[in-house]
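Novice: For reference, the file upload_26.cif (mmCIF, C-alpha atoms) is included below:
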```
data_my_file
loop_
_atom_site.group_PDB
_atom_site.id
_atom_site.type_symbol
_atom_site.label_atom_id
_atom_site.label_comp_id
_atom_site.auth_asym_id
_atom_site.auth_seq_id
_atom_site.Cartn_x
_atom_site.Cartn_y
_atom_site.Cartn_z
ATOM 1 C CA MET H 1 54.748 -183.338 119.476
ATOM 2 C CA SER H 2 51.891 -181.809 117.504
ATOM 3 C CA PRO H 3 48.309 -182.301 118.642
ATOM 4 C CA ARG H 4 45.943 -184.430 116.567
ATOM 5 C CA LEU H 5 44.633 -182.529 113.543
ATOM 6 C CA PRO H 6 41.036 -181.295 113.817
ATOM 7 C CA THR H 7 38.310 -183.406 112.206
ATOM 8 C CA ILE H 8 36.752 -181.779 109.154
ATOM 9 C CA HIS H 9 32.972 -182.286 109.293
ATOM 10 C CA GLY H 10 32.214 -180.312 106.169
ATOM 11 C CA ILE H 11 33.618 -177.975 103.526
ATOM 12 C CA THR H 12 31.726 -175.396 101.491
ATOM 13 C CA GLU H 13 33.452 -173.760 98.528
ATOM 14 C CA HIS H 14 33.085 -170.334 96.930
ATOM 15 C CA GLU H 15 34.825 -168.743 93.960
ATOM 16 C CA ALA H 16 37.161 -165.880 94.906
ATOM 17 C CA GLY H 17 39.010 -164.669 91.810
ATOM 18 C CA PRO H 18 42.288 -166.568 91.427
ATOM 19 C CA TYR H 19 41.502 -168.468 94.639
ATOM 20 C CA ARG H 20 38.873 -170.851 95.897
ATOM 21 C CA LEU H 21 37.501 -169.863 99.311
ATOM 22 C CA GLU H 22 36.707 -172.823 101.553
ATOM 23 C CA ARG H 23 34.740 -172.695 104.785
ATOM 24 C CA LEU H 24 35.649 -175.573 107.078
ATOM 25 C CA ASP H 25 33.456 -177.002 109.845
ATOM 26 C CA LEU H 26 36.101 -178.278 112.288
ATOM 27 C CA GLU H 27 36.120 -180.227 115.537
ATOM 28 C CA PHE H 28 39.246 -180.005 117.675
ATOM 29 C CA SER H 29 40.569 -182.803 119.912
ATOM 30 C CA ASN H 30 39.029 -181.130 122.989
ATOM 31 C CA GLY H 31 35.549 -181.233 121.394
ATOM 32 C CA GLU H 32 35.424 -177.531 120.419
ATOM 33 C CA ARG H 33 33.697 -176.885 117.059
ATOM 34 C CA ARG H 34 34.685 -173.896 114.953
ATOM 35 C CA ARG H 35 34.421 -172.598 111.403
ATOM 36 C CA TYR H 36 37.608 -171.593 109.619
ATOM 37 C CA GLU H 37 38.115 -170.093 106.180
ATOM 38 C CA ARG H 38 41.033 -170.766 103.893
ATOM 39 C CA LEU H 39 42.093 -169.708 100.408
ATOM 40 C CA HIS H 40 43.362 -172.286 97.934
ATOM 41 C CA ASN H 41 45.456 -171.093 95.031
ATOM 42 C CA ARG H 42 44.180 -172.380 91.679
ATOM 43 C CA GLY H 43 47.684 -172.378 90.205
ATOM 44 C CA HIS H 44 50.773 -174.508 90.609
ATOM 45 C CA GLY H 45 52.562 -172.383 93.184
ATOM 46 C CA ALA H 46 55.254 -169.789 92.711
ATOM 47 C CA VAL H 47 58.996 -169.260 92.815
ATOM 48 C CA ALA H 48 61.170 -166.613 94.430
ATOM 49 C CA VAL H 49 64.656 -166.524 92.960
ATOM 50 C CA VAL H 50 67.857 -165.406 94.683
ATOM 51 C CA PRO H 51 70.074 -164.703 91.650
ATOM 52 C CA LEU H 52 73.740 -164.379 92.573
ATOM 53 C CA ILE H 53 75.920 -162.479 90.115
ATOM 54 C CA ASP H 54 78.816 -163.548 92.376
ATOM 55 C CA GLU H 55 78.935 -165.258 95.783
ATOM 56 C CA ASP H 56 78.461 -161.911 97.572
ATOM 57 C CA THR H 57 75.978 -160.065 95.338
ATOM 58 C CA VAL H 58 72.290 -160.710 94.714
ATOM 59 C CA LEU H 59 70.309 -159.128 91.910
ATOM 60 C CA LEU H 60 67.083 -157.446 93.025
ATOM 61 C CA VAL H 61 64.418 -155.967 90.757
ATOM 62 C CA ARG H 62 62.408 -152.799 91.226
ATOM 63 C CA GLU H 63 58.828 -153.162 90.019
ATOM 64 C CA TYR H 64 55.427 -151.612 90.506
ATOM 65 C CA ALA H 65 53.551 -153.154 93.450
ATOM 66 C CA ALA H 66 49.828 -152.574 92.855
ATOM 67 C CA GLY H 67 48.865 -153.632 96.386
ATOM 68 C CA MET H 68 50.897 -150.774 97.860
ATOM 69 C CA HIS H 69 50.715 -148.459 94.805
ATOM 70 C CA ARG H 70 54.445 -147.832 94.804
ATOM 71 C CA TYR H 71 57.663 -149.246 93.373
ATOM 72 C CA GLU H 72 59.263 -151.983 95.470
ATOM 73 C CA LEU H 73 62.633 -153.682 95.476
ATOM 74 C CA GLY H 74 62.412 -157.434 95.723
ATOM 75 C CA LEU H 75 63.472 -160.742 94.323
ATOM 76 C CA VAL H 76 62.633 -162.116 90.920
ATOM 77 C CA LYS H 77 59.411 -164.075 91.451
ATOM 78 C CA GLY H 78 56.428 -165.444 89.614
ATOM 79 C CA ARG H 79 53.996 -168.267 88.981
ATOM 80 C CA ILE H 80 54.919 -171.825 88.150
ATOM 81 C CA ASP H 81 53.102 -172.578 84.896
ATOM 82 C CA ALA H 82 51.292 -175.863 84.205
ATOM 83 C CA GLY H 83 53.784 -178.573 83.270
ATOM 84 C CA GLU H 84 56.734 -176.555 84.566
ATOM 85 C CA SER H 85 59.032 -177.523 87.441
ATOM 86 C CA ALA H 86 60.051 -174.969 90.067
ATOM 87 C CA LEU H 87 63.551 -174.853 88.558
ATOM 88 C CA GLU H 88 62.209 -174.266 85.036
ATOM 89 C CA ALA H 89 59.916 -171.505 86.333
ATOM 90 C CA ALA H 90 62.796 -169.897 88.247
ATOM 91 C CA ASP H 91 65.028 -169.851 85.167
ATOM 92 C CA ARG H 92 62.214 -168.463 82.977
ATOM 93 C CA GLU H 93 61.286 -165.731 85.489
ATOM 94 C CA LEU H 94 64.950 -164.796 85.882
ATOM 95 C CA LYS H 95 65.283 -164.355 82.104
ATOM 96 C CA GLU H 96 62.018 -162.387 81.882
ATOM 97 C CA GLU H 97 62.540 -160.060 84.844
ATOM 98 C CA ALA H 98 66.319 -159.634 85.190
ATOM 99 C CA GLY H 99 67.705 -160.589 81.776
ATOM 100 C CA TYR H 100 69.795 -163.521 83.037
ATOM 101 C CA GLY H 101 69.679 -167.301 82.845
ATOM 102 C CA ALA H 102 71.350 -169.593 85.380
ATOM 103 C CA ARG H 103 73.435 -172.722 84.845
ATOM 104 C CA ASP H 104 73.104 -173.705 88.535
ATOM 105 C CA LEU H 105 69.660 -173.679 90.168
ATOM 106 C CA LYS H 106 68.693 -175.263 93.477
ATOM 107 C CA VAL H 107 65.434 -175.268 95.449
ATOM 108 C CA LEU H 108 66.304 -174.425 99.060
ATOM 109 C CA ARG H 109 62.837 -174.780 100.632
ATOM 110 C CA ALA H 110 59.191 -173.760 100.443
ATOM 111 C CA LEU H 111 57.916 -170.510 101.971
ATOM 112 C CA THR H 112 54.299 -169.797 102.857
ATOM 113 C CA LEU H 113 52.539 -166.438 102.816
ATOM 114 C CA ALA H 114 49.944 -166.826 105.550
ATOM 115 C CA PRO H 115 49.649 -170.523 106.470
ATOM 116 C CA THR H 116 46.796 -169.966 108.917
ATOM 117 C CA TYR H 117 44.450 -169.196 106.044
ATOM 118 C CA MET H 118 46.228 -169.736 102.682
ATOM 119 C CA SER H 119 47.518 -172.885 101.014
ATOM 120 C CA HIS H 120 49.881 -170.966 98.694
ATOM 121 C CA GLU H 121 53.558 -171.986 98.674
ATOM 122 C CA THR H 122 56.533 -170.277 97.066
ATOM 123 C CA GLN H 123 59.600 -172.354 96.222
ATOM 124 C CA LEU H 124 62.791 -170.528 97.174
ATOM 125 C CA VAL H 125 65.394 -171.073 94.446
ATOM 126 C CA ILE H 126 69.024 -169.983 94.495
ATOM 127 C CA ALA H 127 70.464 -169.245 91.043
ATOM 128 C CA ARG H 128 74.216 -169.159 90.374
ATOM 129 C CA ASP H 129 76.537 -169.119 87.390
ATOM 130 C CA LEU H 130 74.430 -166.481 85.628
ATOM 131 C CA TYR H 131 74.709 -165.531 81.965
ATOM 132 C CA PRO H 132 72.910 -162.781 80.002
ATOM 133 C CA GLU H 133 69.684 -163.934 78.323
ATOM 134 C CA ARG H 134 66.352 -162.155 78.076
ATOM 135 C CA LEU H 135 62.894 -163.572 77.428
ATOM 136 C CA PRO H 136 59.810 -161.414 76.904
ATOM 137 C CA GLY H 137 57.788 -161.224 80.103
ATOM 138 C CA ASP H 138 54.349 -160.044 81.132
ATOM 139 C CA GLU H 139 55.519 -156.871 82.892
ATOM 140 C CA PRO H 140 54.179 -153.628 81.376
ATOM 141 C CA GLU H 141 57.595 -151.951 81.663
ATOM 142 C CA ALA H 142 61.233 -153.003 81.928
ATOM 143 C CA LEU H 143 62.282 -153.768 85.502
ATOM 144 C CA GLU H 144 65.324 -152.073 86.976
ATOM 145 C CA VAL H 145 67.932 -154.606 88.119
ATOM 146 C CA VAL H 146 69.697 -153.575 91.334
ATOM 147 C CA PRO H 147 72.793 -155.449 92.589
ATOM 148 C CA TRP H 148 72.978 -155.693 96.389
ATOM 149 C CA LYS H 149 75.755 -157.070 98.594
ATOM 150 C CA LEU H 150 74.579 -159.828 100.948
ATOM 151 C CA ASP H 151 76.673 -158.378 103.770
ATOM 152 C CA ALA H 152 74.513 -155.214 103.541
ATOM 153 C CA LEU H 153 71.172 -156.952 104.268
ATOM 154 C CA ASP H 154 70.911 -154.950 107.492
ATOM 155 C CA GLN H 155 70.651 -151.776 105.380
ATOM 156 C CA LEU H 156 68.276 -153.319 102.844
ATOM 157 C CA ILE H 157 65.686 -154.463 105.399
ATOM 158 C CA LEU H 158 65.401 -150.912 106.760
ATOM 159 C CA ARG H 159 64.480 -149.412 103.385
ATOM 160 C CA GLU H 160 60.867 -148.284 102.905
ATOM 161 C CA ASP H 161 60.816 -149.755 99.385
ATOM 162 C CA PHE H 162 61.870 -153.264 100.496
ATOM 163 C CA SER H 163 58.967 -154.656 102.492
ATOM 164 C CA GLU H 164 57.896 -157.977 100.942
ATOM 165 C CA GLY H 165 58.216 -160.717 103.561
ATOM 166 C CA ARG H 166 59.157 -163.533 101.166
ATOM 167 C CA SER H 167 62.066 -161.501 99.785
ATOM 168 C CA ILE H 168 63.321 -160.617 103.266
ATOM 169 C CA ALA H 169 63.128 -164.209 104.512
ATOM 170 C CA ALA H 170 64.581 -165.627 101.292
ATOM 171 C CA LEU H 171 67.691 -163.446 101.423
ATOM 172 C CA PHE H 172 68.489 -164.420 105.005
ATOM 173 C CA ILE H 173 67.890 -168.110 104.242
ATOM 174 C CA ALA H 174 70.076 -167.931 101.131
ATOM 175 C CA ARG H 175 72.848 -166.110 102.995
ATOM 176 C CA GLU H 176 72.898 -168.775 105.711
ATOM 177 C CA TRP H 177 72.798 -171.587 103.122
ATOM 178 C CA LEU H 178 75.782 -170.014 101.318
ATOM 179 C CA ARG H 179 77.692 -169.813 104.610
ATOM 180 C CA THR H 180 77.159 -173.533 105.238
ATOM 181 C CA GLN H 181 78.327 -174.326 101.685
ATOM 182 C CA ALA H 182 81.560 -172.383 102.236
ATOM 183 C CA ARG H 183 82.622 -174.622 105.135
#
```
Rewrite the structure from the file as structure tokens, please.
Specialist:
Amino acid sequence: MSPRLPTIHGITEHEAGPYRLERLDLEFSNGERRRYERLHNRGHGAVAVVPLIDEDTVLLVREYAAGMHRYELGLVKGRIDAGESALEAADRELKEEAGYGARDLKVLRALTLAPTYMSHETQLVIARDLYPERLPGDEPEALEVVPWKLDALDQLILREDFSEGRSIAALFIAREWLRTQAR
């Protein structure tokens, strides 16, 4: 059973680029008062797509990761645009980044980045029954598409160029979901 949520006595807001920084004046159930900060995304969330070329093979993309200043392997992912559902965003991002559309898309669950201080959620979408189709994207260069066998996740997670937590979690979640579907 979860404890009672803290009482919010006040919120001050500050602009922080693509986020809004909020400072919360909180009172916990034991009477303790503290200030917390949290970041609210101004957008509509994001998607991370697990595109399956077959039931055993996921398509990863290699793209420049500015935060680490290196190329990283990861899942197709991107923003959900205004007026777009998570499934529509997943299909669009898949076409832009990997050059495939999907006839079968399903949201498996939401993933958070850092729930102790960010409100951002990423919808995890599995994409099956792929077909070739490319849309122009916003990437400055073509992304390399890398097929990877799901039974080799143990090797993938040890690679230096595969470090993004959402991609790691998403692949294990998708693999387990696929196993339950096979029963």
Novice: Using all atoms listed in the file, pick whichever of H:Glu37, H:Asp81, H:Glu93, H:Asp151 has the shortest atom-to-atom distance to H:Pro136.
Specialist: H:Glu93
Novice: With all atoms listed in the file as the counted atoms, please give the residues lying no more than 12 Å from H:Asp91, apart from itself and same-chain residues fewer than 5 positions off, as a ChimeraX atom specification.
Specialist: /H:47-51,76-80,84-86,96-107,125-135
Novice: Evaluated on this file, the PyMOL selection byres ((chain H and resi 137-150) around 6) picks out some residues - which ones are they, written as a PyMOL selection string?
Specialist: chain H and resi 56-63+96+136+151-153
Novice: For the selection just defined, write its residues with C-alpha atoms to a file, as a short mmCIF file (atom, residue, chain, number, x, y, z; two decimals), keeping the file's coordinate frame.
Specialist:
```
data_model
loop_
_atom_site.label_atom_id
_atom_site.label_comp_id
_atom_site.auth_asym_id
_atom_site.auth_seq_id
_atom_site.Cartn_x
_atom_site.Cartn_y
_atom_site.Cartn_z
CA ASP H 56 78.46 -161.91 97.57
CA THR H 57 75.98 -160.06 95.34
CA VAL H 58 72.29 -160.71 94.71
CA LEU H 59 70.31 -159.13 91.91
CA LEU H 60 67.08 -157.45 93.02
CA VAL H 61 64.42 -155.97 90.76
CA ARG H 62 62.41 -152.80 91.23
CA GLU H 63 58.83 -153.16 90.02
CA GLU H 96 62.02 -162.39 81.88
CA PRO H 136 59.81 -161.41 76.90
CA ASP H 151 76.67 -158.38 103.77
CA ALA H 152 74.51 -155.21 103.54
CA LEU H 153 71.17 -156.95 104.27
#
```
Novice: Once the PyMOL selection byres ((chain H and resi 161) around 9) has been applied to the shown file, what residues remain in the selection, as a list in words?
Specialist: Arg62, Arg70, Tyr71, Glu72, Leu73, Gly74, Leu156, Leu158, Arg159, Glu160, Phe162, Ser163 and Glu164 of chain H
Novice: Check the smallest atom-to-atom distance from each of H:Thr12, H:Asp154, H:Leu75, H:Leu94 to H:Ser167 using only C-alpha atoms, then report the winner.
Specialist: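 That would be H:Leu75, the residue with the smallest distance to H:Ser167.
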Novice: Do you have the atom CA of H:Ala182-atom CA of H:Ala169 distance handy?
Specialist: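 Calculated distance between atom CA of H:Ala182 and atom CA of H:Ala169 is 20.3 Å.
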